[in-house]
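As provided, run_36.pdb (PDB, C-alpha atoms, pLDDT in the B column) reads as follows.
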```pdb
ATOM      1  CA  MET A   1       3.325  18.107 -17.052  1.00 74.00           C
ATOM      2  CA  ASP A   2       0.541  17.880 -19.604  1.00 83.00           C
ATOM      3  CA  GLU A   3      -1.478  14.808 -20.532  1.00 85.00           C
ATOM      4  CA  ARG A   4       0.511  14.081 -23.675  1.00 88.00           C
ATOM      5  CA  THR A   5       3.837  14.157 -21.826  1.00 88.00           C
ATOM      6  CA  ALA A   6       2.444  11.994 -19.001  1.00 83.00           C
ATOM      7  CA  ARG A   7       1.213   9.381 -21.464  1.00 85.00           C
ATOM      8  CA  LYS A   8       4.553   9.429 -23.324  1.00 87.00           C
ATOM      9  CA  VAL A   9       6.488   8.848 -20.080  1.00 85.00           C
ATOM     10  CA  ALA A  10       4.127   6.024 -19.078  1.00 82.00           C
ATOM     11  CA  GLU A  11       4.367   4.328 -22.475  1.00 85.00           C
ATOM     12  CA  GLU A  12       8.172   4.580 -22.543  1.00 84.00           C
ATOM     13  CA  ALA A  13       8.310   2.939 -19.095  1.00 82.00           C
ATOM     14  CA  ARG A  14       6.090   0.041 -20.168  1.00 80.00           C
ATOM     15  CA  ASP A  15       7.710  -3.354 -20.670  1.00 77.00           C
ATOM     16  CA  THR A  16       7.653  -4.253 -24.338  1.00 77.00           C
ATOM     17  CA  GLU A  17       8.115  -7.960 -23.758  1.00 78.00           C
ATOM     18  CA  TRP A  18       6.765 -10.080 -20.915  1.00 74.00           C
ATOM     19  CA  ARG A  19       9.298 -12.733 -19.960  1.00 79.00           C
ATOM     20  CA  LEU A  20       7.497 -14.355 -17.047  1.00 80.00           C
ATOM     21  CA  PRO A  21       4.468 -16.624 -17.286  1.00 85.00           C
ATOM     22  CA  SER A  22       1.267 -15.180 -15.832  1.00 88.00           C
ATOM     23  CA  PHE A  23      -1.061 -17.237 -13.645  1.00 89.00           C
ATOM     24  CA  GLY A  24      -3.985 -14.971 -14.600  1.00 89.00           C
ATOM     25  CA  LYS A  25      -3.289 -15.137 -18.332  1.00 88.00           C
ATOM     26  CA  GLN A  26      -2.890 -18.898 -18.274  1.00 90.00           C
ATOM     27  CA  LEU A  27      -6.089 -19.269 -16.252  1.00 92.00           C
ATOM     28  CA  PHE A  28      -7.910 -17.124 -18.806  1.00 92.00           C
ATOM     29  CA  LEU A  29      -6.584 -19.425 -21.525  1.00 91.00           C
ATOM     30  CA  GLY A  30      -7.915 -22.457 -19.648  1.00 94.00           C
ATOM     31  CA  ASP A  31      -4.525 -23.636 -18.424  1.00 93.00           C
ATOM     32  CA  LEU A  32      -4.480 -23.914 -14.604  1.00 93.00           C
ATOM     33  CA  ARG A  33      -0.771 -23.412 -13.800  1.00 91.00           C
ATOM     34  CA  LEU A  34      -0.622 -24.210 -10.091  1.00 91.00           C
ATOM     35  CA  ASP A  35       3.163 -24.313 -10.319  1.00 90.00           C
ATOM     36  CA  LEU A  36       3.068 -20.523 -10.663  1.00 87.00           C
ATOM     37  CA  VAL A  37       1.401 -20.026  -7.257  1.00 86.00           C
ATOM     38  CA  HIS A  38       2.199 -23.153  -5.272  1.00 84.00           C
ATOM     39  CA  PRO A  39       3.854 -23.667  -2.905  1.00 82.00           C
ATOM     40  CA  HIS A  40       3.050 -20.298  -1.404  1.00 79.00           C
ATOM     41  CA  PRO A  41       6.197 -18.604  -0.034  1.00 80.00           C
ATOM     42  CA  ARG A  42       6.519 -18.921   3.733  1.00 85.00           C
ATOM     43  CA  PRO A  43       7.936 -16.125   5.872  1.00 89.00           C
ATOM     44  CA  ASP A  44      11.080 -16.785   7.848  1.00 93.00           C
ATOM     45  CA  ASP A  45      10.876 -16.912  11.654  1.00 95.00           C
ATOM     46  CA  LEU A  46      11.895 -13.273  12.176  1.00 95.00           C
ATOM     47  CA  SER A  47       9.374 -11.971   9.614  1.00 94.00           C
ATOM     48  CA  ARG A  48       6.662 -14.147  11.125  1.00 96.00           C
ATOM     49  CA  ARG A  49       7.406 -12.976  14.668  1.00 97.00           C
ATOM     50  CA  ARG A  50       7.491  -9.289  13.679  1.00 96.00           C
ATOM     51  CA  GLY A  51       4.298  -9.668  11.665  1.00 97.00           C
ATOM     52  CA  GLU A  52       2.421 -11.468  14.426  1.00 98.00           C
ATOM     53  CA  GLU A  53       3.580  -8.915  17.011  1.00 98.00           C
ATOM     54  CA  PHE A  54       2.302  -6.060  14.854  1.00 98.00           C
ATOM     55  CA  LEU A  55      -1.032  -7.806  14.258  1.00 98.00           C
ATOM     56  CA  GLU A  56      -1.461  -8.192  18.018  1.00 98.00           C
ATOM     57  CA  ARG A  57      -0.735  -4.483  18.604  1.00 98.00           C
ATOM     58  CA  LEU A  58      -3.177  -3.576  15.841  1.00 98.00           C
ATOM     59  CA  ARG A  59      -5.904  -5.846  17.246  1.00 98.00           C
ATOM     60  CA  GLU A  60      -5.446  -4.405  20.727  1.00 98.00           C
ATOM     61  CA  PHE A  61      -5.499  -0.842  19.425  1.00 98.00           C
ATOM     62  CA  CYS A  62      -8.618  -1.418  17.323  1.00 98.00           C
ATOM     63  CA  ALA A  63     -10.452  -3.085  20.222  1.00 97.00           C
ATOM     64  CA  ALA A  64      -9.546  -0.374  22.729  1.00 98.00           C
ATOM     65  CA  LYS A  65      -9.478   2.836  20.675  1.00 97.00           C
ATOM     66  CA  VAL A  66     -11.609   2.486  17.536  1.00 98.00           C
ATOM     67  CA  ASP A  67     -15.357   3.041  17.642  1.00 97.00           C
ATOM     68  CA  PRO A  68     -16.635   2.195  14.158  1.00 97.00           C
ATOM     69  CA  ALA A  69     -20.071   3.701  14.928  1.00 97.00           C
ATOM     70  CA  VAL A  70     -18.477   7.082  15.640  1.00 97.00           C
ATOM     71  CA  ILE A  71     -16.473   6.906  12.404  1.00 97.00           C
ATOM     72  CA  GLU A  72     -19.611   6.118  10.394  1.00 96.00           C
ATOM     73  CA  ARG A  73     -21.808   8.629  12.181  1.00 97.00           C
ATOM     74  CA  GLU A  74     -19.327  11.515  11.914  1.00 96.00           C
ATOM     75  CA  ALA A  75     -18.002  10.454   8.484  1.00 95.00           C
ATOM     76  CA  ARG A  76     -14.415  10.952   9.624  1.00 96.00           C
ATOM     77  CA  ILE A  77     -11.694   9.077  11.446  1.00 97.00           C
ATOM     78  CA  PRO A  78     -10.955  10.865  14.747  1.00 97.00           C
ATOM     79  CA  ASP A  79      -7.535  12.491  15.058  1.00 97.00           C
ATOM     80  CA  GLU A  80      -6.667  10.332  18.082  1.00 97.00           C
ATOM     81  CA  VAL A  81      -7.270   7.192  16.014  1.00 98.00           C
ATOM     82  CA  VAL A  82      -4.984   8.466  13.246  1.00 97.00           C
ATOM     83  CA  GLN A  83      -2.375   9.331  15.890  1.00 97.00           C
ATOM     84  CA  GLY A  84      -2.717   5.871  17.438  1.00 98.00           C
ATOM     85  CA  LEU A  85      -2.240   4.208  14.051  1.00 98.00           C
ATOM     86  CA  ARG A  86       0.859   6.354  13.585  1.00 97.00           C
ATOM     87  CA  ASP A  87       2.159   5.394  17.027  1.00 97.00           C
ATOM     88  CA  ILE A  88       1.948   1.638  16.331  1.00 98.00           C
ATOM     89  CA  GLY A  89       3.598   2.040  12.918  1.00 97.00           C
ATOM     90  CA  ALA A  90       0.559   1.267  10.768  1.00 97.00           C
ATOM     91  CA  PHE A  91       1.444   3.896   8.144  1.00 97.00           C
ATOM     92  CA  GLY A  92       4.794   2.213   7.531  1.00 96.00           C
ATOM     93  CA  MET A  93       3.758  -1.429   7.270  1.00 97.00           C
ATOM     94  CA  LYS A  94       5.287  -1.911   3.800  1.00 95.00           C
ATOM     95  CA  ILE A  95       8.104   0.607   4.197  1.00 96.00           C
ATOM     96  CA  PRO A  96      11.502  -1.026   4.840  1.00 96.00           C
ATOM     97  CA  GLU A  97      12.912  -0.714   8.362  1.00 97.00           C
ATOM     98  CA  ARG A  98      15.902   1.281   7.142  1.00 97.00           C
ATOM     99  CA  TYR A  99      13.481   4.103   6.286  1.00 97.00           C
ATOM    100  CA  GLY A 100      11.590   3.942   9.582  1.00 96.00           C
ATOM    101  CA  GLY A 101       8.870   1.500   8.541  1.00 97.00           C
ATOM    102  CA  LEU A 102       7.969  -1.935   9.805  1.00 97.00           C
ATOM    103  CA  GLY A 103       9.136  -3.797   6.692  1.00 96.00           C
ATOM    104  CA  LEU A 104       6.264  -6.270   6.833  1.00 96.00           C
ATOM    105  CA  SER A 105       5.736  -8.782   4.060  1.00 93.00           C
ATOM    106  CA  GLN A 106       2.755  -8.620   1.727  1.00 91.00           C
ATOM    107  CA  LEU A 107       1.237 -11.473   3.742  1.00 93.00           C
ATOM    108  CA  TYR A 108       1.233  -9.490   6.993  1.00 96.00           C
ATOM    109  CA  TYR A 109       0.224  -6.278   5.248  1.00 96.00           C
ATOM    110  CA  GLY A 110      -2.839  -8.102   3.874  1.00 96.00           C
ATOM    111  CA  ARG A 111      -3.630  -9.625   7.257  1.00 97.00           C
ATOM    112  CA  ALA A 112      -3.321  -6.202   8.904  1.00 98.00           C
ATOM    113  CA  LEU A 113      -5.760  -4.705   6.388  1.00 97.00           C
ATOM    114  CA  MET A 114      -8.127  -7.567   7.169  1.00 98.00           C
ATOM    115  CA  VAL A 115      -7.952  -6.752  10.896  1.00 98.00           C
ATOM    116  CA  ALA A 116      -8.379  -3.008  10.393  1.00 97.00           C
ATOM    117  CA  GLY A 117     -11.106  -3.372   7.759  1.00 97.00           C
ATOM    118  CA  SER A 118     -13.097  -5.774   9.915  1.00 97.00           C
ATOM    119  CA  VAL A 119     -13.288  -3.096  12.617  1.00 97.00           C
ATOM    120  CA  SER A 120     -13.802  -0.125  10.289  1.00 97.00           C
ATOM    121  CA  PRO A 121     -13.772  -0.231   6.487  1.00 96.00           C
ATOM    122  CA  ALA A 122     -12.755   3.437   6.554  1.00 96.00           C
ATOM    123  CA  ILE A 123      -9.562   2.590   8.454  1.00 97.00           C
ATOM    124  CA  GLY A 124      -8.841  -0.294   6.102  1.00 96.00           C
ATOM    125  CA  ALA A 125      -9.252   2.072   3.138  1.00 93.00           C
ATOM    126  CA  LEU A 126      -7.056   4.735   4.771  1.00 94.00           C
ATOM    127  CA  LEU A 127      -4.206   2.320   5.417  1.00 95.00           C
ATOM    128  CA  SER A 128      -4.516   0.646   2.039  1.00 93.00           C
ATOM    129  CA  ALA A 129      -4.725   3.814  -0.044  1.00 89.00           C
ATOM    130  CA  HIS A 130      -1.801   5.418   1.776  1.00 90.00           C
ATOM    131  CA  GLN A 131       0.469   2.423   1.213  1.00 88.00           C
ATOM    132  CA  SER A 132      -0.728   1.261  -2.197  1.00 84.00           C
ATOM    133  CA  ILE A 133      -1.651   4.279  -4.316  1.00 80.00           C
ATOM    134  CA  GLY A 134      -0.228   6.949  -2.032  1.00 82.00           C
ATOM    135  CA  VAL A 135       3.393   8.018  -2.055  1.00 88.00           C
ATOM    136  CA  PRO A 136       5.212   5.068  -0.390  1.00 91.00           C
ATOM    137  CA  GLN A 137       4.722   2.274  -2.925  1.00 89.00           C
ATOM    138  CA  PRO A 138       5.705   4.200  -6.077  1.00 87.00           C
ATOM    139  CA  VAL A 139       8.700   5.767  -4.324  1.00 92.00           C
ATOM    140  CA  LYS A 140       9.755   2.395  -2.901  1.00 92.00           C
ATOM    141  CA  LEU A 141       9.535   0.725  -6.309  1.00 89.00           C
ATOM    142  CA  PHE A 142      10.684   3.475  -8.659  1.00 88.00           C
ATOM    143  CA  GLY A 143      12.246   6.275  -6.590  1.00 91.00           C
ATOM    144  CA  THR A 144      15.879   7.230  -6.554  1.00 93.00           C
ATOM    145  CA  ASP A 145      17.902   6.597  -3.396  1.00 95.00           C
ATOM    146  CA  GLU A 146      17.621  10.298  -2.601  1.00 96.00           C
ATOM    147  CA  GLN A 147      13.822  10.239  -2.999  1.00 95.00           C
ATOM    148  CA  LYS A 148      13.582   7.157  -0.784  1.00 96.00           C
ATOM    149  CA  GLU A 149      15.737   8.776   1.913  1.00 97.00           C
ATOM    150  CA  THR A 150      13.611  11.940   1.769  1.00 96.00           C
ATOM    151  CA  TRP A 151      10.072  10.612   1.489  1.00 95.00           C
ATOM    152  CA  LEU A 152       9.830   7.104   2.944  1.00 96.00           C
ATOM    153  CA  PRO A 153      10.661   8.095   6.557  1.00 97.00           C
ATOM    154  CA  ARG A 154       8.009  10.806   6.343  1.00 95.00           C
ATOM    155  CA  CYS A 155       5.458   8.385   4.868  1.00 95.00           C
ATOM    156  CA  ALA A 156       6.117   5.906   7.692  1.00 96.00           C
ATOM    157  CA  ARG A 157       4.716   8.539  10.079  1.00 94.00           C
ATOM    158  CA  GLN A 158       2.209  10.527   8.016  1.00 92.00           C
ATOM    159  CA  VAL A 159      -0.674   9.838   5.679  1.00 91.00           C
ATOM    160  CA  SER A 160       0.044  10.414   2.004  1.00 87.00           C
ATOM    161  CA  ALA A 161      -2.513  10.832  -0.714  1.00 73.00           C
ATOM    162  CA  PHE A 162      -3.054  10.461  -4.395  1.00 68.00           C
ATOM    163  CA  LEU A 163      -5.559  12.939  -5.778  1.00 66.00           C
ATOM    164  CA  LEU A 164      -8.027  11.109  -7.982  1.00 69.00           C
ATOM    165  CA  THR A 165     -11.285  12.933  -7.399  1.00 70.00           C
ATOM    166  CA  GLU A 166     -11.461  15.607 -10.064  1.00 75.00           C
ATOM    167  CA  PRO A 167     -14.641  15.775 -12.123  1.00 77.00           C
ATOM    168  CA  ASP A 168     -14.460  13.658 -15.301  1.00 76.00           C
ATOM    169  CA  VAL A 169     -11.239  11.908 -14.214  1.00 75.00           C
ATOM    170  CA  GLY A 170     -12.525   8.729 -12.592  1.00 72.00           C
ATOM    171  CA  SER A 171      -9.580   6.360 -12.356  1.00 71.00           C
ATOM    172  CA  ASP A 172      -7.559   7.924 -15.173  1.00 75.00           C
ATOM    173  CA  PRO A 173      -4.709   9.837 -13.511  1.00 72.00           C
ATOM    174  CA  ALA A 174      -3.376  11.000 -16.884  1.00 73.00           C
ATOM    175  CA  ARG A 175      -6.414  13.315 -17.112  1.00 77.00           C
ATOM    176  CA  LEU A 176      -5.702  15.107 -13.817  1.00 76.00           C
ATOM    177  CA  ARG A 177      -5.415  18.861 -14.113  1.00 77.00           C
ATOM    178  CA  SER A 178      -4.708  19.925 -10.494  1.00 75.00           C
ATOM    179  CA  THR A 179      -1.228  20.676  -9.304  1.00 73.00           C
ATOM    180  CA  ALA A 180       0.075  20.659  -5.756  1.00 69.00           C
ATOM    181  CA  VAL A 181       2.534  23.266  -4.602  1.00 74.00           C
TER
END
```
Do you think you could lay out the structure here as structure tokens?
Amino acid sequence: MDERTARKVAEEARDTEWRLPSFGKQLFLGDLRLDLVHPHPRPDDLSRRRGEEFLERLREFCAAKVDPAVIEREARIPDEVVQGLRDIGAFGMKIPERYGGLGLSQLYYGRALMVAGSVSPAIGALLSAHQSIGVPQPVKLFGTDEQKETWLPRCARQVSAFLLTEPDVGSDPARLRSTAV
């Protein structure tokens, strides 16, 4: 796909009319619309229990198995740490349970990133990039049922990536020129 086609697809997918009020827009306009963010949604008991249980496993794993000095000194996350994150389900935090993920809410995903990032920013970045700009989030939001069945179980166990490091690309994915085979 060339740049022109990519831009055309992106523009055709864009909403032409925004129907919902925006807290950020209203704040910019000087209108503090607390009704748009308050009261904050509360998780149900099952979601809370599952989220708290995962956070405890993550805390225990980070305390016992992650040495942030080694990660910084060697400029890489050791394979056994990546395997341990896989074993506790950290790569599938936001992936629904039906696809092999943990199905955590955004609240517990954010809290988990806080725990991981406080031990090692590199681990926080790994988990965040995989689940936010890697494969799982776009497939979860925009993929077909077949794509979800194919890719989400794999992403719950493996790290995905989004190439955004070509020279002169910065954060403009439409200018990417590499292709993966």
**Q.** Among listed residues A:Pro68, A:Pro153, A:Pro21, A:Gly134, nearest Val81 of chain A (using all atoms listed in the file)
**A.**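 Closest candidate: A:Pro68.
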Q: Show me as an MDAnalysis selection string the residues that reach within 10 Å of (1.9, -24.7, -13.2), counting only C-alpha atoms and using the file's own coordinates.
A: chainID A and resid 21:23 26 31:38
Take the residues that were just selected and, keeping C-alpha atoms, output them as a PDB file, in the coordinates of the input.
```pdb
ATOM      1  CA  PRO A  21       4.468 -16.624 -17.286  1.00 85.00           C
ATOM      2  CA  SER A  22       1.267 -15.180 -15.832  1.00 88.00           C
ATOM      3  CA  PHE A  23      -1.061 -17.237 -13.645  1.00 89.00           C
ATOM      4  CA  GLN A  26      -2.890 -18.898 -18.274  1.00 90.00           C
ATOM      5  CA  ASP A  31      -4.525 -23.636 -18.424  1.00 93.00           C
ATOM      6  CA  LEU A  32      -4.480 -23.914 -14.604  1.00 93.00           C
ATOM      7  CA  ARG A  33      -0.771 -23.412 -13.800  1.00 91.00           C
ATOM      8  CA  LEU A  34      -0.622 -24.210 -10.091  1.00 91.00           C
ATOM      9  CA  ASP A  35       3.163 -24.313 -10.319  1.00 90.00           C
ATOM     10  CA  LEU A  36       3.068 -20.523 -10.663  1.00 87.00           C
ATOM     11  CA  VAL A  37       1.401 -20.026  -7.257  1.00 86.00           C
ATOM     12  CA  HIS A  38       2.199 -23.153  -5.272  1.00 84.00           C
TER      13      HIS A  38
END
```
Q.
Can you measure atom CA of Ala122 of chain A to atom CA of His40 of chain A for me? One decimal in Å is fine.
A. 29.6 Å
Q: Name the residues that the PyMOL selection byres ((chain A and resi 133) around 12) picks from the file above, as a list of chain:residue names, using the file's chain letters and numbers.
A: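 Matching residues under the PyMOL selection byres ((chain A and resi 133) around 12) are A:Ala125, A:Leu126, A:Leu127, A:Ser128, A:Ala129, A:His130, A:Gln131, A:Ser132, A:Gly134, A:Val135, A:Pro136, A:Gln137, A:Pro138, A:Val139, A:Lys140, A:Leu141, A:Val159, A:Ser160, A:Ala161, A:Phe162, A:Leu163, A:Leu164, A:Ser171, A:Pro173.
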Q | Selection result of the PyMOL selection byres ((chain A and resi 7-12) around 12) on this file, as a list in words | A | Met1, Asp2, Glu3, Arg4, Thr5, Ala6, Ala13, Arg14, Asp15, Thr16, Asp172, Pro173, Ala174, Arg175 and Leu176 of chain A
File of the preceding selection, C-alpha atoms, as a JSON list (two decimals), in the coordinates of the input:
```json
[["chain", "number", "residue", "atom", "x", "y", "z"],
["A", 1, "MET", "CA", 3.32, 18.11, -17.05],
["A", 2, "ASP", "CA", 0.54, 17.88, -19.60],
["A", 3, "GLU", "CA", -1.48, 14.81, -20.53],
["A", 4, "ARG", "CA", 0.51, 14.08, -23.68],
["A", 5, "THR", "CA", 3.84, 14.16, -21.83],
["A", 6, "ALA", "CA", 2.44, 11.99, -19.00],
["A", 13, "ALA", "CA", 8.31, 2.94, -19.10],
["A", 14, "ARG", "CA", 6.09, 0.04, -20.17],
["A", 15, "ASP", "CA", 7.71, -3.35, -20.67],
["A", 16, "THR", "CA", 7.65, -4.25, -24.34],
["A", 172, "ASP", "CA", -7.56, 7.92, -15.17],
["A", 173, "PRO", "CA", -4.71, 9.84, -13.51],
["A", 174, "ALA", "CA", -3.38, 11.00, -16.88],
["A", 175, "ARG", "CA", -6.41, 13.32, -17.11],
["A", 176, "LEU", "CA", -5.70, 15.11, -13.82]]
```
**Q.** Contacts of Gly103 of chain A within 8 Å, only C-alpha atoms, excl. fewer than 5 positions in-chain, as a PyMOL selection string
**A.** chain A and resi 92-97
Q.
Quick check, in Å to one decimal: how far apart do atom CA of Arg157 of chain A and atom CA of Leu113 of chain A lie?
A. 17.3 Å
(Q) Under the rule that all atoms listed in the file are counted, which of A:Ala112, A:Gly117, A:Asp168, A:Gly101 is the nearest residue to Lys148 of chain A? (A)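 So, comparing all the options, the nearest one is A:Gly101.
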Q. Can you tell me how far atom CA of Arg57 of chain A sits from atom CA of Gly89 of chain A, in Å to one decimal?
A.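 It comes out at 9.7 Å.
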**Q.** Using only C-alpha atoms: which of A:Val169, A:Ala116, A:Ala156, A:Ile123 has the shortest distance to Ile77 of chain A
**A.**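 Between A:Val169, A:Ala116, A:Ala156, A:Ile123, the residue approaching Ile77 of chain A most closely is A:Ile123.
Of the residues under consideration (A:Arg49, A:Val119, A:Gly143, A:Pro43), A:Val119 shows the shortest atom-to-atom contact distance to Ala69 of chain A when counting only C-alpha atoms.
Closest approach to Leu85 of chain A among A:Arg177, A:Lys65, A:Arg111, A:Arg42: A:Lys65, based on all atoms listed in the file.
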Q: Let me know the residues the PyMOL selection byres ((chain A and resi 51) around 12) catches in the file above, as a ChimeraX atom specification.
A: /A:43-50,52-58,89-90,93-94,102-112
Q: Could you please give me, as a list in words, the residues of protein, DNA or RNA lying at most 12 Å from (-6.5, 1.7, 23.8) in the coordinate frame of the file, considering all atoms listed in the file?
A: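 Checked against the point, the hits come out as Arg57, Leu58, Arg59, Glu60, Phe61, Cys62, Ala63, Ala64, Lys65, Val66, Asp67, Glu80, Val81, Gln83, Gly84, Leu85, Asp87 and Ile88 of chain A.
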